[in-house]
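Q: File work06.csv below, CSV, C-alpha atoms:
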chain,number,residue,atom,x,y,z
U,1,MET,CA,-36.2,8.3,22.5
U,2,MET,CA,-37.3,5.2,20.7
U,3,SER,CA,-39.6,5.3,17.7
U,4,ARG,CA,-41.9,2.3,17.6
U,5,LEU,CA,-44.8,4.8,17.6
U,6,ALA,CA,-43.2,7.7,15.8
U,7,GLY,CA,-45.8,10.1,14.4
U,8,LYS,CA,-48.8,8.0,15.6
U,9,VAL,CA,-51.7,9.8,17.2
U,10,ILE,CA,-53.1,7.7,20.1
U,11,VAL,CA,-56.2,8.3,22.1
U,12,ILE,CA,-56.2,6.8,25.6
U,13,THR,CA,-59.4,6.7,27.7
U,14,GLY,CA,-58.8,6.5,31.4
U,15,GLY,CA,-55.5,8.2,30.7
U,16,GLY,CA,-55.1,10.0,34.0
U,17,SER,CA,-54.1,7.1,36.3
U,18,GLY,CA,-53.2,3.4,36.4
U,19,ILE,CA,-52.6,1.5,33.2
U,20,GLY,CA,-53.7,4.4,31.1
U,21,LEU,CA,-51.2,6.8,32.6
U,22,ALA,CA,-48.4,4.2,32.4
U,23,ALA,CA,-49.2,3.6,28.8
U,24,ALA,CA,-49.3,7.4,28.1
U,25,HIS,CA,-45.7,7.7,29.4
U,26,LEU,CA,-44.5,4.7,27.4
U,27,PHE,CA,-46.2,5.7,24.2
U,28,ALA,CA,-44.8,9.3,24.4
U,29,GLN,CA,-41.3,7.8,24.9
U,30,GLU,CA,-41.9,5.9,21.7
U,31,GLY,CA,-42.8,9.0,19.7
U,32,ALA,CA,-46.6,9.1,19.9
U,33,ARG,CA,-48.7,12.2,20.1
U,34,LEU,CA,-51.4,11.7,22.7
U,35,VAL,CA,-55.0,12.5,23.6
U,36,LEU,CA,-55.9,11.7,27.2
U,37,PHE,CA,-59.5,11.3,28.1
U,38,GLY,CA,-61.1,10.9,31.5
U,39,ARG,CA,-63.5,12.1,34.1
U,40,ASN,CA,-61.0,13.7,36.4
U,41,ALA,CA,-59.7,16.9,34.8
U,42,ALA,CA,-57.2,17.6,37.5
U,43,LYS,CA,-55.6,14.1,37.1
U,44,LEU,CA,-55.5,14.5,33.3
U,45,GLU,CA,-53.7,17.9,33.6
U,46,ALA,CA,-51.3,16.6,36.2
U,47,ALA,CA,-50.5,13.6,33.9
U,48,ALA,CA,-50.0,15.8,30.9
U,49,ALA,CA,-47.5,18.0,32.8
U,50,ARG,CA,-45.4,14.9,33.6
U,51,ILE,CA,-45.3,13.4,30.1
U,52,ALA,CA,-42.6,14.5,27.8
U,53,GLY,CA,-44.2,15.0,24.4
U,54,GLU,CA,-47.3,16.4,22.7
U,55,VAL,CA,-50.3,15.7,24.9
U,56,HIS,CA,-53.8,17.0,24.7
U,57,THR,CA,-56.4,16.4,27.5
U,58,ILE,CA,-60.1,16.1,27.2
U,59,ASN,CA,-62.4,15.8,30.2
U,60,GLY,CA,-65.5,13.6,29.8
U,61,ASP,CA,-67.4,10.4,30.7
U,62,MET,CA,-67.3,7.2,28.5
U,63,ALA,CA,-71.0,6.6,29.2
U,64,THR,CA,-72.1,9.9,27.8
U,65,LEU,CA,-72.4,9.9,24.0
U,66,SER,CA,-72.1,13.7,23.7
U,67,HIS,CA,-68.8,13.5,25.6
U,68,LEU,CA,-67.6,10.9,23.1
U,69,GLU,CA,-68.6,13.1,20.2
U,70,HIS,CA,-66.6,15.9,21.8
U,71,LEU,CA,-63.6,13.6,22.2
U,72,VAL,CA,-63.7,12.7,18.5
U,73,SER,CA,-64.1,16.3,17.2
U,74,GLU,CA,-61.4,17.6,19.5
U,75,SER,CA,-59.0,14.8,18.6
U,76,VAL,CA,-59.6,15.2,14.8
U,77,GLN,CA,-59.4,19.0,15.0
U,78,ARG,CA,-56.1,18.9,16.8
U,79,PHE,CA,-54.4,16.0,14.9
U,80,GLY,CA,-56.4,15.3,11.8
U,81,GLY,CA,-56.7,11.6,12.3
U,82,VAL,CA,-56.1,8.8,14.8
U,83,ASP,CA,-53.9,5.7,14.5
U,84,VAL,CA,-54.6,4.0,17.8
U,85,LEU,CA,-57.5,3.9,20.2
U,86,PHE,CA,-56.7,2.5,23.6
U,87,LEU,CA,-60.1,2.1,25.2
U,88,ASN,CA,-58.9,1.6,28.7
U,89,ALA,CA,-61.4,3.5,30.9
U,90,GLY,CA,-63.6,1.1,32.8
U,91,THR,CA,-65.4,0.4,36.1
U,92,ALA,CA,-65.1,-2.7,38.3
U,93,PRO,CA,-68.1,-2.9,40.7
U,94,PHE,CA,-68.5,-5.7,43.2
U,95,ALA,CA,-72.0,-6.5,44.5
U,96,SER,CA,-74.0,-9.6,45.3
U,97,ILE,CA,-76.9,-10.4,43.1
U,98,GLU,CA,-79.2,-9.2,45.8
U,99,ASP,CA,-77.5,-5.9,46.3
U,100,CYS,CA,-76.8,-5.0,42.6
U,101,ASP,CA,-79.3,-2.3,41.5
U,102,GLU,CA,-80.2,-1.1,38.1
U,103,ALA,CA,-78.1,2.0,38.3
U,104,GLY,CA,-74.9,0.1,39.1
U,105,PHE,CA,-75.6,-2.5,36.4
U,106,ASP,CA,-76.2,0.2,33.8
U,107,GLU,CA,-73.1,2.2,34.8
U,108,CYS,CA,-70.9,-0.9,34.4
U,109,PHE,CA,-72.2,-1.9,31.0
U,110,GLY,CA,-72.6,1.8,30.0
U,111,ILE,CA,-68.9,2.5,30.5
U,112,ASN,CA,-67.3,-0.9,29.7
U,113,VAL,CA,-69.4,-2.0,26.8
U,114,ARG,CA,-71.8,0.7,25.4
U,115,GLY,CA,-69.2,3.5,25.7
U,116,ARG,CA,-66.5,1.5,24.0
U,117,PHE,CA,-68.8,0.4,21.1
U,118,PHE,CA,-69.9,4.0,20.4
U,119,ALA,CA,-66.4,5.3,20.8
U,120,ILE,CA,-65.3,2.9,18.0
U,121,GLN,CA,-68.3,3.8,15.9
U,122,LYS,CA,-67.7,7.6,16.2
U,123,PHE,CA,-63.9,7.4,15.6
U,124,LEU,CA,-64.2,4.9,12.7
U,125,PRO,CA,-64.4,7.6,9.9
U,126,HIS,CA,-61.3,9.2,11.3
U,127,LEU,CA,-59.0,6.2,11.8
U,128,ARG,CA,-56.0,6.1,9.6
U,129,THR,CA,-55.0,2.9,7.8
U,130,PRO,CA,-53.7,0.8,9.3
U,131,ALA,CA,-55.2,1.4,12.8
U,132,SER,CA,-55.1,-0.5,16.0
U,133,ILE,CA,-57.9,-0.6,18.7
U,134,ILE,CA,-57.0,-2.0,22.1
U,135,LEU,CA,-59.8,-2.7,24.6
U,136,THR,CA,-58.9,-3.3,28.3
U,137,ALA,CA,-60.8,-6.1,29.9
U,138,THR,CA,-59.7,-8.4,32.7
U,139,GLY,CA,-58.2,-11.8,33.1
U,140,LEU,CA,-60.3,-12.2,36.2
U,141,MET,CA,-63.4,-12.8,34.0
U,142,HIS,CA,-62.0,-16.3,33.3
U,143,LYS,CA,-61.8,-17.1,37.0
U,144,PRO,CA,-64.4,-14.8,38.6
U,145,LEU,CA,-64.1,-13.4,42.1
U,146,PRO,CA,-67.1,-13.5,44.4
U,147,GLU,CA,-69.7,-10.8,43.7
U,148,SER,CA,-68.2,-9.9,40.4
U,149,SER,CA,-70.9,-11.2,38.1
U,150,VAL,CA,-71.8,-7.9,36.4
U,151,TRP,CA,-68.2,-6.8,35.9
U,152,ALA,CA,-67.2,-10.2,34.6
U,153,ALA,CA,-70.1,-10.3,32.2
U,154,ALA,CA,-69.3,-6.8,30.9
U,155,ASN,CA,-65.7,-7.8,30.2
U,156,ALA,CA,-66.8,-11.0,28.5
U,157,ALA,CA,-68.9,-8.7,26.3
U,158,VAL,CA,-65.9,-6.6,25.6
U,159,ARG,CA,-64.0,-9.6,24.4
U,160,SER,CA,-66.9,-10.7,22.2
U,161,LEU,CA,-67.1,-7.1,20.8
U,162,ALA,CA,-63.5,-7.1,19.8
U,163,GLN,CA,-63.9,-10.5,18.0
U,164,SER,CA,-67.1,-9.5,16.3
U,165,LEU,CA,-65.9,-6.1,15.1
U,166,SER,CA,-62.6,-7.7,13.9
U,167,VAL,CA,-64.7,-9.6,11.4
U,168,ASP,CA,-66.4,-6.4,10.3
U,169,LEU,CA,-63.3,-4.1,10.2
U,170,ALA,CA,-60.3,-6.1,9.3
U,171,ALA,CA,-60.8,-5.5,5.6
U,172,ARG,CA,-60.8,-1.8,6.4
U,173,GLY,CA,-57.3,-2.0,7.9
U,174,VAL,CA,-58.5,-1.9,11.6
U,175,ARG,CA,-57.2,-4.4,14.1
U,176,LEU,CA,-59.0,-4.9,17.4
U,177,ASN,CA,-57.5,-6.8,20.3
U,178,VAL,CA,-58.1,-7.2,24.0
U,179,LEU,CA,-55.6,-6.7,26.8
U,180,SER,CA,-56.8,-8.6,29.9
U,181,PRO,CA,-54.7,-7.8,32.9
U,182,GLY,CA,-54.6,-9.9,36.0
U,183,PRO,CA,-54.6,-8.3,39.5
U,184,THR,CA,-52.7,-5.0,39.0
U,185,ASP,CA,-51.6,-2.4,41.5
U,186,THR,CA,-53.5,0.7,40.4
U,187,PRO,CA,-55.7,3.4,42.1
U,188,ILE,CA,-58.8,1.4,41.2
U,189,TYR,CA,-58.7,-0.1,44.7
U,190,ASP,CA,-59.2,3.3,46.2
U,191,ALA,CA,-62.6,3.6,44.5
U,192,TYR,CA,-64.1,0.9,46.7
U,193,GLY,CA,-64.0,3.2,49.7
U,194,MET,CA,-62.5,0.6,52.0
U,195,PRO,CA,-60.2,1.3,54.9
U,196,ALA,CA,-56.5,1.1,54.0
U,197,GLU,CA,-56.1,-2.2,56.0
U,198,GLU,CA,-58.9,-3.8,54.0
U,199,VAL,CA,-57.4,-2.6,50.7
U,200,GLU,CA,-54.0,-4.1,51.6
U,201,ARG,CA,-55.7,-7.4,52.6
U,202,LEU,CA,-57.5,-7.5,49.3
U,203,LYS,CA,-54.3,-6.8,47.4
U,204,SER,CA,-52.4,-9.4,49.3
U,205,GLY,CA,-55.1,-12.0,48.7
U,206,LEU,CA,-55.2,-11.4,45.0
U,207,ALA,CA,-51.4,-11.5,44.8
U,208,ASP,CA,-51.4,-14.9,46.5
U,209,LYS,CA,-53.8,-16.2,43.8
U,210,THR,CA,-51.1,-15.6,41.1
U,211,LEU,CA,-48.2,-17.9,40.4
U,212,LEU,CA,-45.9,-15.0,40.7
U,213,LYS,CA,-47.2,-14.1,44.2
U,214,ARG,CA,-47.5,-10.4,43.4
U,215,LEU,CA,-49.7,-7.8,41.8
U,216,ALA,CA,-48.7,-6.6,38.3
U,217,HIS,CA,-47.2,-3.1,37.9
U,218,ALA,CA,-49.1,-0.8,35.6
U,219,ASP,CA,-46.1,-0.4,33.4
U,220,GLU,CA,-46.0,-4.1,32.8
U,221,MET,CA,-49.5,-3.8,31.3
U,222,ALA,CA,-48.4,-0.7,29.4
U,223,LYS,CA,-45.7,-2.8,27.6
U,224,VAL,CA,-48.3,-5.2,26.4
U,225,ALA,CA,-50.4,-2.3,25.2
U,226,LEU,CA,-47.4,-0.9,23.4
U,227,PHE,CA,-46.9,-4.2,21.5
U,228,LEU,CA,-50.6,-4.1,20.4
U,229,ALA,CA,-50.4,-0.4,19.4
U,230,SER,CA,-47.2,-0.9,17.3
U,231,ASP,CA,-46.7,-2.5,14.0
U,232,GLU,CA,-45.0,-5.4,15.8
U,233,SER,CA,-48.5,-6.9,16.3
U,234,SER,CA,-49.5,-6.4,12.7
U,235,TYR,CA,-50.8,-10.0,12.3
U,236,ILE,CA,-52.7,-10.1,15.6
U,237,VAL,CA,-56.4,-9.6,15.1
U,238,GLY,CA,-59.3,-10.4,17.4
U,239,ALA,CA,-57.0,-11.8,20.1
U,240,GLU,CA,-57.1,-11.6,23.8
U,241,ILE,CA,-53.7,-11.3,25.6
U,242,ILE,CA,-54.1,-12.4,29.2
U,243,ALA,CA,-51.3,-10.9,31.3
U,244,ASP,CA,-52.4,-12.3,34.7
U,245,GLY,CA,-49.2,-13.6,36.3
U,246,GLY,CA,-50.6,-17.1,36.2
U,247,TYR,CA,-53.8,-16.2,38.1
U,248,GLY,CA,-55.9,-18.4,35.8
U,249,LEU,CA,-53.7,-21.4,36.6
U,250,THR,CA,-54.0,-21.5,40.3
Could you show the structure in this file as structure tokens?

A:
Amino acid sequence: MMSRLAGKVIVITGGGSGIGLAAAHLFAQEGARLVLFGRNAAKLEAAAARIAGEVHTINGDMATLSHLEHLVSESVQRFGGVDVLFLNAGTAPFASIEDCDEAGFDECFGINVRGRFFAIQKFLPHLRTPASIILTATGLMHKPLPESSVWAAANAAVRSLAQSLSVDLAARGVRLNVLSPGPTDTPIYDAYGMPAEEVERLKSGLADKTLLKRLAHADEMAKVALFLASDESSYIVGAEIIADGGYGLT
């Protein structure tokens, strides 16, 4: 076992699958104690069973403030304080401007922006010094896909939030940074309800838009998150790391 995160308490939202799950495995290997938060209790429990280390799971929704309050109280009760927040849970809706309704708009901003802001606010009194907060956005906001206006705007707000809060919180020993993955092979594609052939066409099309001609693996994004969570990134504040396989250059 390595020890870049030895003794650190890390909360991962969206920890039951994809990048969050890959990060949980890697963080545990580096000595971290984990709290995994997400909407699917079964996935969280299955994830915890496969991770070697101390893992606590909490079921809840990022868009519901009472769930965030429960996440904070449970995390603090179990571990006493938190060293790293990996605010990774998000939603990525696609809709034309004509088809986007108020509920879909509010859900996207509620999870991606509002939920993350209030998670930071509620965890702030319980963050140890120094602390690292990592917010997952997307490299695709710099080169938007068709019908992604709401999602791209929400992620731009996430980046702005990290920069603005860095100004407010750096003196308190809290670093905020953004991880913006490019097209990544995660279960998020399954949420669109498309036939398997359509999903594969979508993935193939996105892969072709990168210089590396493939989707990222979730563990590749987890390695970037590990860097931001560890003391190796101690002088990086308010930054956005775009790990997109050259998507933005094509």

Q: Using all atoms listed in the file, which residue out of U:Asn177, U:Ser160, U:Asn88, U:Thr186 lies closest to U:Ile236?

A: U:Asn177

Q: Have a look at U:Phe37, U:Tyr192, U:Phe86, U:Phe79 and name the one nearest to U:Ser230; count all atoms listed in the file.

A: U:Phe86

Q: Could you give me, as JSON, numbers by chain, the residues that sit within 12 Å of (-68.1, 12.1, 30.0) in the file's coordinates, counting all atoms listed in the file?

A: {"U": [13, 14, 37, 38, 39, 40, 41, 58, 59, 60, 61, 62, 63, 64, 65, 66, 67, 68, 69, 70, 71, 89, 110, 111, 115, 119]}

Q: Which of these, U:Ala162, U:Leu44, U:Ala6, U:Ile19, has the shortest distance to U:Ala218 once you count all atoms listed in the file?

A: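 Looking at the shortest contact to U:Ala218, the residue is U:Ile19.
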
Q: For U:Leu26, list every protein, DNA or RNA residue within 7 Å, evaluated using all atoms listed in the file, and leave out those in the same chain fewer than 4 positions away; present the list as a ChimeraX atom specification.

A: /U:22,30,222

Q: Counting only C-alpha atoms, which residues have an atom no more than 12 Å from (-57.3, 20.2, 21.5) in the file's coordinates? Please list them as JSON, numbers by chain.

A: {"U": [11, 33, 34, 35, 36, 37, 54, 55, 56, 57, 58, 59, 70, 71, 72, 73, 74, 75, 76, 77, 78, 79, 80]}

Q: Report the closest atom pair, with its distance in Å rounded to one decimal, for each residue of stretch 220-245 of chain U that has an atom no farther than 7 Å from stretch 131-143 of chain U; count all atoms listed in the file, sort by chain and then rising residue number, and write it as a Markdown table.

A:
| residue | atom | partner | partner_atom | distance |
| --- | --- | --- | --- | --- |
| U:Leu228 | CA | U:Ile134 | CA | 6.9 |
| U:Ala229 | CA | U:Ser132 | CA | 5.8 |
| U:Ile242 | CA | U:Gly139 | CA | 5.7 |
| U:Asp244 | CA | U:Gly139 | CA | 6.0 |

Q: So how far away is atom CA of U:Gln29 from atom CA of U:Met2, in Å?

A: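 Between atom CA of U:Met2 and atom CA of U:Gln29 the gap is 6.4 Å.
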
Q: Hey, can you check how far atom CA of U:Thr250 sits from atom CA of U:Asp185?

A: 19.3 Å

Q: Which residues, written as a PyMOL selection string, have at least one atom at most 7 Å from U:Ala24, with only C-alpha atoms counted and residues fewer than 4 positions away on the same chain left out?

A: chain U and resi 15+20+28

Q: To one decimal place, how far is atom CA of U:Glu198 from atom CA of U:Ser148 in Å?

A: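 Distance between the two atoms: 17.6 Å.
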
Q: Find the residues near U:Cys108: any atom within 8 Å, counting all atoms listed in the file, skip ones fewer than 4 places away on the same chain, and give them as a list of chain:residue names.

A: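 In the requested form, the answer reads U:Gly90, U:Thr91, U:Ala92, U:Pro93, U:Gly104, U:Asn112, U:Val113, U:Val150, U:Trp151, U:Ala154.
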